[in-house]
>>> print(open('final38.cif').read())   # mmCIF, C-alpha atoms
data_structure
#
loop_
_atom_site.group_PDB
_atom_site.id
_atom_site.type_symbol
_atom_site.label_atom_id
_atom_site.label_comp_id
_atom_site.auth_asym_id
_atom_site.auth_seq_id
_atom_site.Cartn_x
_atom_site.Cartn_y
_atom_site.Cartn_z
ATOM 1 C CA MET A 1 43.297 -17.162 12.037
ATOM 2 C CA ALA A 2 42.985 -17.207 8.252
ATOM 3 C CA GLY A 3 40.501 -19.690 6.858
ATOM 4 C CA PHE A 4 38.086 -19.659 9.768
ATOM 5 C CA ASP A 5 35.808 -16.794 10.762
ATOM 6 C CA ILE A 6 35.656 -17.046 14.551
ATOM 7 C CA LYS A 7 33.324 -14.056 14.820
ATOM 8 C CA ARG A 8 30.840 -15.678 12.453
ATOM 9 C CA PHE A 9 31.141 -18.942 14.354
ATOM 10 C CA LEU A 10 30.328 -17.224 17.635
ATOM 11 C CA GLU A 11 27.319 -15.515 16.042
ATOM 12 C CA LEU A 12 25.931 -18.877 14.908
ATOM 13 C CA ALA A 13 26.753 -20.661 18.157
ATOM 14 C CA GLY A 14 24.182 -22.069 20.512
ATOM 15 C CA ALA A 15 22.437 -25.174 21.740
ATOM 16 C CA VAL A 16 21.211 -27.499 19.024
ATOM 17 C CA LYS A 17 17.620 -26.478 18.272
ATOM 18 C CA THR A 18 15.094 -28.861 19.832
ATOM 19 C CA ASP A 19 12.154 -26.674 20.845
ATOM 20 C CA ASP A 20 10.440 -27.208 17.499
ATOM 21 C CA LEU A 21 10.767 -30.999 17.552
ATOM 22 C CA ASP A 22 7.625 -33.090 17.987
ATOM 23 C CA TRP A 23 8.550 -35.217 20.973
ATOM 24 C CA ASP A 24 5.217 -37.019 20.942
ATOM 25 C CA ALA A 25 5.944 -38.079 17.368
ATOM 26 C CA CYS A 26 9.423 -39.124 18.449
ATOM 27 C CA ALA A 27 7.977 -41.323 21.182
ATOM 28 C CA LYS A 28 5.395 -42.781 18.805
ATOM 29 C CA ALA A 29 8.014 -43.659 16.189
ATOM 30 C CA GLY A 30 10.234 -45.129 18.878
ATOM 31 C CA ILE A 31 13.729 -46.541 18.594
ATOM 32 C CA THR A 32 15.041 -50.081 18.480
ATOM 33 C CA PRO A 33 17.146 -51.552 21.304
ATOM 34 C CA HIS A 34 20.271 -51.327 19.157
ATOM 35 C CA GLU A 35 19.506 -47.660 18.401
ATOM 36 C CA ALA A 36 19.145 -47.062 22.129
ATOM 37 C CA ARG A 37 22.572 -48.550 22.748
ATOM 38 C CA ILE A 38 24.106 -46.391 20.016
ATOM 39 C CA LEU A 39 22.421 -43.257 21.360
ATOM 40 C CA ARG A 40 23.578 -43.983 24.897
ATOM 41 C CA TYR A 41 27.140 -44.363 23.652
ATOM 42 C CA MET A 42 26.896 -41.063 21.788
ATOM 43 C CA ALA A 43 25.286 -39.258 24.717
ATOM 44 C CA ASP A 44 27.945 -40.514 27.116
ATOM 45 C CA THR A 45 30.726 -39.419 24.779
ATOM 46 C CA GLU A 46 29.218 -35.948 24.358
ATOM 47 C CA SER A 47 28.698 -35.556 28.104
ATOM 48 C CA HIS A 48 32.360 -36.412 28.644
ATOM 49 C CA THR A 49 33.496 -33.434 26.544
ATOM 50 C CA ILE A 50 33.910 -31.194 29.581
ATOM 51 C CA LEU A 51 36.734 -33.455 30.755
ATOM 52 C CA TYR A 52 38.497 -33.204 27.398
ATOM 53 C CA MET A 53 38.340 -29.414 27.612
ATOM 54 C CA ARG A 54 40.292 -29.624 30.849
ATOM 55 C CA ASP A 55 43.210 -30.896 28.768
ATOM 56 C CA LEU A 56 42.645 -28.641 25.756
ATOM 57 C CA LEU A 57 42.412 -25.395 27.692
ATOM 58 C CA ALA A 58 45.808 -25.683 29.314
ATOM 59 C CA GLY A 59 49.154 -23.965 29.121
ATOM 60 C CA HIS A 60 49.706 -21.784 26.078
ATOM 61 C CA SER A 61 46.176 -22.437 24.748
ATOM 62 C CA THR A 62 44.763 -20.194 27.452
ATOM 63 C CA ARG A 63 46.610 -17.222 25.922
ATOM 64 C CA ASP A 64 44.922 -17.547 22.532
ATOM 65 C CA PRO A 65 41.617 -15.612 22.432
ATOM 66 C CA ALA A 66 40.271 -17.550 19.446
ATOM 67 C CA ILE A 67 40.874 -20.901 21.132
ATOM 68 C CA THR A 68 39.374 -19.849 24.449
ATOM 69 C CA ALA A 69 36.313 -18.397 22.704
ATOM 70 C CA PHE A 70 35.860 -21.497 20.562
ATOM 71 C CA LEU A 71 36.242 -23.965 23.416
ATOM 72 C CA SER A 72 33.712 -22.055 25.521
ATOM 73 C CA VAL A 73 31.138 -22.566 22.774
ATOM 74 C CA TRP A 74 32.284 -26.061 21.821
ATOM 75 C CA VAL A 75 31.855 -27.568 25.264
ATOM 76 C CA TYR A 76 28.374 -26.046 25.613
ATOM 77 C CA GLU A 77 27.206 -27.269 22.215
ATOM 78 C CA GLU A 78 28.546 -30.759 22.879
ATOM 79 C CA LEU A 79 26.845 -30.834 26.273
ATOM 80 C CA CYS A 80 23.578 -29.912 24.565
ATOM 81 C CA HIS A 81 24.086 -32.745 22.079
ATOM 82 C CA GLY A 82 24.310 -35.145 24.991
ATOM 83 C CA ARG A 83 21.199 -33.703 26.613
ATOM 84 C CA ALA A 84 19.233 -33.891 23.353
ATOM 85 C CA LEU A 85 20.214 -37.513 22.819
ATOM 86 C CA SER A 86 19.279 -38.318 26.400
ATOM 87 C CA LYS A 87 15.856 -36.773 25.815
ATOM 88 C CA VAL A 88 15.305 -39.002 22.773
ATOM 89 C CA LEU A 89 16.192 -41.986 24.916
ATOM 90 C CA GLU A 90 13.887 -40.841 27.703
ATOM 91 C CA VAL A 91 10.791 -40.198 25.576
ATOM 92 C CA CYS A 92 11.341 -43.505 23.782
ATOM 93 C CA GLY A 93 11.427 -45.455 27.035
ATOM 94 C CA TYR A 94 15.142 -45.631 27.818
ATOM 95 C CA PRO A 95 15.719 -43.142 30.675
ATOM 96 C CA GLU A 96 19.158 -42.993 32.247
ATOM 97 C CA ALA A 97 19.837 -43.745 35.896
ATOM 98 C CA GLU A 98 20.140 -40.768 38.237
ATOM 99 C CA ASP A 99 23.840 -41.431 38.840
ATOM 100 C CA HIS A 100 24.644 -42.260 35.220
ATOM 101 C CA TYR A 101 26.677 -39.109 34.543
ATOM 102 C CA THR A 102 28.819 -39.719 37.617
ATOM 103 C CA GLN A 103 29.461 -43.296 36.539
ATOM 104 C CA VAL A 104 30.474 -42.155 33.063
ATOM 105 C CA THR A 105 32.783 -39.340 34.136
ATOM 106 C CA THR A 106 34.533 -41.533 36.704
ATOM 107 C CA GLY A 107 34.919 -44.417 34.269
ATOM 108 C CA SER A 108 37.903 -43.119 32.321
ATOM 109 C CA SER A 109 40.431 -45.757 31.362
ATOM 110 C CA MET A 110 44.008 -45.754 32.673
ATOM 111 C CA ARG A 111 45.170 -44.968 29.128
ATOM 112 C CA GLU A 112 42.975 -41.865 29.069
ATOM 113 C CA LEU A 113 44.272 -40.728 32.436
ATOM 114 C CA MET A 114 47.893 -41.145 31.350
ATOM 115 C CA GLU A 115 47.242 -39.308 28.084
ATOM 116 C CA ALA A 116 45.599 -36.470 30.005
ATOM 117 C CA VAL A 117 48.578 -36.122 32.345
ATOM 118 C CA LEU A 118 51.099 -36.147 29.491
ATOM 119 C CA SER A 119 49.204 -33.769 27.207
ATOM 120 C CA HIS A 120 48.362 -31.390 30.039
ATOM 121 C CA GLY A 121 52.008 -31.171 31.037
ATOM 122 C CA ALA A 122 53.264 -30.835 27.470
ATOM 123 C CA ALA A 123 50.828 -27.990 26.836
ATOM 124 C CA TYR A 124 52.783 -25.869 29.329
ATOM 125 C CA LEU A 125 56.189 -26.642 27.819
ATOM 126 C CA THR A 126 55.705 -25.215 24.343
ATOM 127 C CA PRO A 127 52.983 -23.424 22.358
ATOM 128 C CA LYS A 128 53.775 -25.772 19.472
ATOM 129 C CA PHE A 129 51.906 -28.535 21.301
ATOM 130 C CA ILE A 130 48.653 -26.727 20.497
ATOM 131 C CA ALA A 131 48.923 -28.288 17.026
ATOM 132 C CA VAL A 132 48.543 -31.728 18.611
ATOM 133 C CA HIS A 133 45.324 -30.795 20.387
ATOM 134 C CA MET A 134 43.911 -29.118 17.292
ATOM 135 C CA THR A 135 44.667 -32.118 15.055
ATOM 136 C CA TRP A 136 43.276 -34.535 17.619
ATOM 137 C CA GLY A 137 40.113 -32.477 17.847
ATOM 138 C CA ALA A 138 39.746 -32.289 14.068
ATOM 139 C CA ILE A 139 39.937 -36.072 13.759
ATOM 140 C CA ASN A 140 37.327 -36.657 16.437
ATOM 141 C CA GLU A 141 34.923 -34.015 15.143
ATOM 142 C CA ALA A 142 35.123 -35.419 11.603
ATOM 143 C CA ALA A 143 34.272 -38.868 12.947
ATOM 144 C CA ALA A 144 31.401 -37.554 15.073
ATOM 145 C CA ALA A 145 29.832 -35.717 12.140
ATOM 146 C CA VAL A 146 29.851 -38.860 9.994
ATOM 147 C CA ALA A 147 28.417 -40.966 12.824
ATOM 148 C CA TYR A 148 25.457 -38.593 13.125
ATOM 149 C CA GLN A 149 25.025 -38.587 9.342
ATOM 150 C CA ARG A 150 24.911 -42.373 9.322
ATOM 151 C CA LEU A 151 22.355 -42.495 12.121
ATOM 152 C CA GLU A 152 20.275 -39.875 10.327
ATOM 153 C CA LYS A 153 20.218 -42.078 7.239
ATOM 154 C CA LEU A 154 19.547 -45.362 9.031
ATOM 155 C CA THR A 155 16.968 -44.478 11.678
ATOM 156 C CA ALA A 156 13.249 -44.898 11.026
ATOM 157 C CA ASN A 157 12.487 -42.150 13.561
ATOM 158 C CA PRO A 158 12.059 -38.850 11.631
ATOM 159 C CA VAL A 159 12.533 -36.694 14.728
ATOM 160 C CA LEU A 160 15.809 -38.406 15.553
ATOM 161 C CA ALA A 161 16.852 -37.988 11.906
ATOM 162 C CA THR A 162 16.257 -34.246 12.126
ATOM 163 C CA LEU A 163 18.204 -33.986 15.366
ATOM 164 C CA CYS A 164 21.134 -35.930 13.910
ATOM 165 C CA ASN A 165 21.187 -33.628 10.891
ATOM 166 C CA ARG A 166 21.438 -30.563 13.114
ATOM 167 C CA MET A 167 24.131 -32.032 15.339
ATOM 168 C CA ALA A 168 26.180 -33.178 12.346
ATOM 169 C CA ARG A 169 26.214 -29.621 11.006
ATOM 170 C CA GLN A 170 27.480 -28.307 14.324
ATOM 171 C CA GLU A 171 30.160 -31.012 14.415
ATOM 172 C CA ARG A 172 31.323 -29.966 10.948
ATOM 173 C CA ARG A 173 31.693 -26.378 12.164
ATOM 174 C CA HIS A 174 33.742 -27.662 15.105
ATOM 175 C CA PHE A 175 35.895 -29.676 12.704
ATOM 176 C CA SER A 176 36.518 -26.593 10.592
ATOM 177 C CA PHE A 177 37.937 -24.647 13.525
ATOM 178 C CA TYR A 178 40.188 -27.445 14.733
ATOM 179 C CA TYR A 179 41.388 -28.224 11.223
ATOM 180 C CA HIS A 180 42.277 -24.668 10.251
ATOM 181 C CA GLN A 181 44.100 -24.193 13.541
ATOM 182 C CA ALA A 182 46.044 -27.428 13.060
ATOM 183 C CA LYS A 183 46.970 -26.608 9.471
ATOM 184 C CA ALA A 184 48.160 -23.086 10.252
ATOM 185 C CA ARG A 185 50.225 -24.237 13.230
ATOM 186 C CA MET A 186 51.867 -27.167 11.421
ATOM 187 C CA GLU A 187 52.731 -25.631 8.056
ATOM 188 C CA GLY A 188 56.416 -24.740 7.990
ATOM 189 C CA ASP A 189 56.944 -25.737 11.632
ATOM 190 C CA ARG A 190 58.943 -28.953 11.900
ATOM 191 C CA VAL A 191 58.668 -29.108 15.677
ATOM 192 C CA ALA A 192 54.862 -28.864 15.608
ATOM 193 C CA GLN A 193 54.817 -31.460 12.837
ATOM 194 C CA PHE A 194 57.001 -33.844 14.834
ATOM 195 C CA LEU A 195 54.961 -33.450 18.007
ATOM 196 C CA THR A 196 51.694 -34.004 16.149
ATOM 197 C CA TYR A 197 52.993 -36.967 14.164
ATOM 198 C CA THR A 198 54.312 -38.638 17.311
ATOM 199 C CA ALA A 199 51.192 -38.021 19.388
ATOM 200 C CA ILE A 200 48.748 -39.210 16.721
ATOM 201 C CA LYS A 201 50.880 -42.214 15.750
ATOM 202 C CA ARG A 202 51.459 -43.430 19.301
ATOM 203 C CA PHE A 203 48.486 -42.305 21.340
ATOM 204 C CA TRP A 204 45.399 -41.540 19.248
ATOM 205 C CA THR A 205 42.472 -43.987 19.524
ATOM 206 C CA LEU A 206 38.829 -43.885 18.493
ATOM 207 C CA VAL A 207 36.900 -41.435 20.621
ATOM 208 C CA GLY A 208 34.644 -42.786 23.353
ATOM 209 C CA SER A 209 36.188 -46.163 24.090
ATOM 210 C CA GLY A 210 37.514 -44.999 27.440
ATOM 211 C CA VAL A 211 34.098 -43.640 28.415
ATOM 212 C CA ALA A 212 31.567 -46.168 27.169
ATOM 213 C CA GLY A 213 33.862 -49.163 26.809
ATOM 214 C CA ASP A 214 35.328 -51.156 23.938
ATOM 215 C CA ASP A 215 32.300 -53.456 23.705
ATOM 216 C CA ASN A 216 29.975 -50.538 23.059
ATOM 217 C CA LEU A 217 32.428 -48.973 20.622
ATOM 218 C CA ALA A 218 32.571 -52.227 18.656
ATOM 219 C CA PHE A 219 28.766 -52.441 18.701
ATOM 220 C CA VAL A 220 28.421 -48.907 17.310
ATOM 221 C CA ALA A 221 31.061 -49.544 14.647
ATOM 222 C CA ALA A 222 29.350 -52.731 13.464
ATOM 223 C CA HIS A 223 25.890 -51.161 13.260
ATOM 224 C CA LEU A 224 26.719 -47.746 11.783
ATOM 225 C CA PHE A 225 29.518 -48.890 9.465
ATOM 226 C CA PRO A 226 28.700 -52.483 8.480
ATOM 227 C CA ASP A 227 30.204 -52.506 4.980
ATOM 228 C CA GLU A 228 32.844 -51.003 2.726
ATOM 229 C CA ALA A 229 30.443 -48.408 1.315
ATOM 230 C CA SER A 230 29.816 -46.913 4.756
ATOM 231 C CA LEU A 231 33.501 -47.127 5.667
ATOM 232 C CA ALA A 232 34.308 -45.223 2.479
ATOM 233 C CA ILE A 233 32.264 -42.319 3.855
ATOM 234 C CA LEU A 234 34.485 -42.292 6.932
ATOM 235 C CA ASP A 235 37.620 -42.440 4.832
ATOM 236 C CA LYS A 236 36.464 -39.455 2.779
ATOM 237 C CA ALA A 237 35.724 -37.495 5.956
ATOM 238 C CA GLU A 238 39.229 -38.037 7.332
ATOM 239 C CA LYS A 239 40.976 -37.271 4.034
ATOM 240 C CA PRO A 240 41.673 -33.630 5.039
ATOM 241 C CA ILE A 241 43.757 -34.979 7.925
ATOM 242 C CA ARG A 242 46.016 -36.680 5.373
ATOM 243 C CA ASP A 243 46.583 -33.293 3.770
ATOM 244 C CA LEU A 244 48.264 -32.025 6.939
ATOM 245 C CA PRO A 245 52.075 -32.144 7.067
ATOM 246 C CA ARG A 246 53.460 -35.616 7.920
ATOM 247 C CA LEU A 247 49.989 -37.156 8.286
ATOM 248 C CA ASP A 248 49.539 -38.484 4.749
ATOM 249 C CA TRP A 249 49.533 -42.020 6.213
ATOM 250 C CA PHE A 250 46.530 -41.451 8.493
ATOM 251 C CA HIS A 251 43.517 -43.723 8.032
ATOM 252 C CA GLY A 252 42.988 -44.214 11.748
ATOM 253 C CA VAL A 253 39.251 -43.591 11.965
ATOM 254 C CA THR A 254 38.423 -45.866 9.045
ATOM 255 C CA GLU A 255 40.802 -48.676 9.937
ATOM 256 C CA GLY A 256 39.971 -48.491 13.630
ATOM 257 C CA THR A 257 36.255 -48.635 12.887
ATOM 258 C CA ARG A 258 36.730 -51.520 10.449
ATOM 259 C CA ALA A 259 38.682 -53.468 13.063
ATOM 260 C CA LYS A 260 36.126 -52.824 15.800
ATOM 261 C CA ALA A 261 33.224 -53.816 13.535
ATOM 262 C CA ALA A 262 35.010 -57.038 12.581
ATOM 263 C CA GLU A 263 35.699 -57.725 16.245
ATOM 264 C CA TRP A 264 32.001 -57.401 17.062
ATOM 265 C CA ARG A 265 30.906 -59.596 14.143
ATOM 266 C CA ALA A 266 33.405 -62.286 15.101
ATOM 267 C CA ALA A 267 31.901 -62.496 18.571
ATOM 268 C CA ASN A 268 28.229 -61.866 17.774
ATOM 269 C CA GLY A 269 27.541 -62.474 14.091
ATOM 270 C CA GLU A 270 26.068 -59.990 11.653
ATOM 271 C CA PRO A 271 24.417 -56.887 13.191
ATOM 272 C CA ALA A 272 20.637 -56.591 13.324
ATOM 273 C CA ALA A 273 18.934 -55.122 10.268
ATOM 274 C CA TRP A 274 17.749 -51.529 10.502
ATOM 275 C CA PRO A 275 14.025 -50.771 10.130
ATOM 276 C CA ALA A 276 12.910 -49.284 6.826
ATOM 277 C CA PRO A 277 13.701 -45.544 6.802
ATOM 278 C CA PRO A 278 10.774 -43.106 6.894
ATOM 279 C CA VAL A 279 9.199 -42.065 3.618
ATOM 280 C CA LEU A 280 8.546 -38.511 4.809
ATOM 281 C CA GLU A 281 11.319 -35.949 4.980
ATOM 282 C CA PRO A 282 12.579 -34.979 8.456
ATOM 283 C CA GLN A 283 11.391 -31.720 9.978
ATOM 284 C CA ALA A 284 12.977 -28.616 8.478
ATOM 285 C CA ALA A 285 16.591 -28.273 9.478
ATOM 286 C CA ALA A 286 17.671 -25.517 11.823
ATOM 287 C CA SER A 287 20.921 -24.539 13.427
#
>>> encode(input="final38.cif", output="C-alpha cells")
Amino acid sequence: MAGFDIKRFLELAGAVKTDDLDWDACAKAGITPHEARILRYMADTESHTILYMRDLLAGHSTRDPAITAFLSVWVYEELCHGRALSKVLEVCGYPEAEDHYTQVTTGSSMRELMEAVLSHGAAYLTPKFIAVHMTWGAINEAAAAVAYQRLEKLTANPVLATLCNRMARQERRHFSFYYHQAKARMEGDRVAQFLTYTAIKRFWTLVGSGVAGDDNLAFVAAHLFPDEASLAILDKAEKPIRDLPRLDWFHGVTEGTRAKAAEWRAANGEPAAWPAPPVLEPQAAAS
C-alpha cells in the first residue's frame, strides 16, 4: 500500500535489542515503586497483544498479505517488549509471579469480551471493517510510543531509558503501518468512514484498562502525564488521527488520559516526584 514500505519494515523487524544492555547497571540504578507499577502495567498490556491479534486477523484481513505479514511481526515485537520490561522488573527486585501471565490474559473485562465478539463478527461481513481495526491500532500505537518517550525522559535509570527509546521507535513504525492502512481504506469510502466513526465514537477506550485495571491506568496517567505540557505531547501524537475522514473531533487519548489522571489525584493527591534524571546519555540506540 502506498505510503508504507512493508518490505523495508519486514527487513528491520525483530525483537527489541537487549543483548547489549548492562543489566548489572540497571539493577544498580534501580527503579522506584511507582516506576515498577508503571512497568508492570506496560508489560501486562504488551503481553496481552496476542489476544488483540485474534480479533485483528479475522475475516477479510486474512486475505491481505501486507496485513498478515505485518501482524506476524507486530505481535512478536510487542511480546518482546513485554519480556524486556519484565526483565527490568526482575533485575530491579520486582519479579512477577509464576502464574501472572495467566491471571492477566484471563482478566479481560466484559466490555473487552463484547467488543471482541462484535468486531470479530463484523470483520467477516465486509472488508470495509478493516479500516476500523487499522484506525484503532493507529491510535493505540501512537499512545504507546508517547508513553515510552515519557518514561524515557522521566526515569533515572539509564538502561531503562535506552530500552524505552528503542521500544518507542518500534511503536512508531507500528503506528505508521496502521495509519497508512486506515487512511487508504477510508479516503473516498463513505461506508468505511461510517463504520470507523461509529466504532471509535462508541467503543474506543484507552488501551490496557481491561487488562491491568482502571486503578492502574489512572496511576500511570497521573505519573506519566501530570500536567498540560505532557498532555500536549499526547495531543500532538494523536493529531494525525484527526486528519482521517470524519475523525477531526478525536482527542480521545488526551482527554481520556487527562480524566484518568484527575481521577487518581482526586483520590490520592499529587503523584510522587520523579528522581532526578541521569546526567549521562543512555546507551547508544539500536533497533
>>> closest_atom_pairs(input="final38.cif", of="range 110-194 of chain A", to="range 223-240 of chain A", cutoff="10 Å", atoms="all atoms listed in the file", output="JSON lines")
{"residue": "A:Ala138", "atom": "CA", "partner": "A:Glu238", "partner_atom": "CA", "distance": 8.9}
{"residue": "A:Ile139", "atom": "CA", "partner": "A:Glu238", "partner_atom": "CA", "distance": 6.8}
{"residue": "A:Asn140", "atom": "CA", "partner": "A:Glu238", "partner_atom": "CA", "distance": 9.4}
{"residue": "A:Glu141", "atom": "CA", "partner": "A:Glu238", "partner_atom": "CA", "distance": 9.8}
{"residue": "A:Ala142", "atom": "CA", "partner": "A:Ala237", "partner_atom": "CA", "distance": 6.0}
{"residue": "A:Ala143", "atom": "CA", "partner": "A:Leu234", "partner_atom": "CA", "distance": 6.9}
{"residue": "A:Ala144", "atom": "CA", "partner": "A:Leu234", "partner_atom": "CA", "distance": 9.9}
{"residue": "A:Ala145", "atom": "CA", "partner": "A:Ala237", "partner_atom": "CA", "distance": 8.7}
{"residue": "A:Val146", "atom": "CA", "partner": "A:Leu234", "partner_atom": "CA", "distance": 6.5}
{"residue": "A:Ala147", "atom": "CA", "partner": "A:Leu224", "partner_atom": "CA", "distance": 7.1}
{"residue": "A:Tyr148", "atom": "CA", "partner": "A:Leu224", "partner_atom": "CA", "distance": 9.3}
{"residue": "A:Gln149", "atom": "CA", "partner": "A:Leu224", "partner_atom": "CA", "distance": 9.6}
{"residue": "A:Arg150", "atom": "CA", "partner": "A:Leu224", "partner_atom": "CA", "distance": 6.2}
{"residue": "A:Leu151", "atom": "CA", "partner": "A:Leu224", "partner_atom": "CA", "distance": 6.8}
{"residue": "A:Lys153", "atom": "CA", "partner": "A:Leu224", "partner_atom": "CA", "distance": 9.7}
{"residue": "A:Leu154", "atom": "CA", "partner": "A:Leu224", "partner_atom": "CA", "distance": 8.0}
{"residue": "A:Tyr179", "atom": "CA", "partner": "A:Pro240", "partner_atom": "CA", "distance": 8.2}
{"residue": "A:Lys183", "atom": "CA", "partner": "A:Pro240", "partner_atom": "CA", "distance": 9.8}
>>> residues_around(input="final38.cif", residues="Thr18 in chain A", least_positions_apart="5", cutoff="10 Å", atoms="only C-alpha atoms", output="JSON, numbers by chain")
{"A": [23, 80, 84, 87, 159, 162, 163, 166, 286, 287]}
>>> closest_residue(input="final38.cif", among="A:Leu160, A:Gly269, A:Ile130, A:Gly30", to="Arg63 in chain A", atoms="all atoms listed in the file")
A:Ile130
>>> resolve_selection(input="final38.cif", expression="the PyMOL selection byres ((chain A and resi 156) around 9)", output="MDAnalysis selection string")
chainID A and resid 29:31 152:155 157:158 160:161 274:279
>>> atom_distance(input="final38.cif", atom1="CA of Arg265 in chain A", atom2="CA of Ala222 in chain A")
7.1 Å
>>> atom_distance(input="final38.cif", atom1="CA of Thr45 in chain A", atom2="CA of Leu71 in chain A")
16.5 Å
>>> residues_near_point(input="final38.cif", point="(30.5, -33.5, 28.2)", cutoff="8 Å", atoms="all atoms listed in the file", output="CSV table (one decimal) with C-alpha atoms, keeping the file's coordinate frame")
chain,number,residue,atom,x,y,z
A,44,ASP,CA,27.9,-40.5,27.1
A,45,THR,CA,30.7,-39.4,24.8
A,46,GLU,CA,29.2,-35.9,24.4
A,47,SER,CA,28.7,-35.6,28.1
A,48,HIS,CA,32.4,-36.4,28.6
A,49,THR,CA,33.5,-33.4,26.5
A,50,ILE,CA,33.9,-31.2,29.6
A,51,LEU,CA,36.7,-33.5,30.8
A,75,VAL,CA,31.9,-27.6,25.3
A,78,GLU,CA,28.5,-30.8,22.9
A,79,LEU,CA,26.8,-30.8,26.3
A,82,GLY,CA,24.3,-35.1,25.0
>>> atom_distance(input="final38.cif", atom1="CA of Ala168 in chain A", atom2="CA of Leu12 in chain A")
14.5 Å
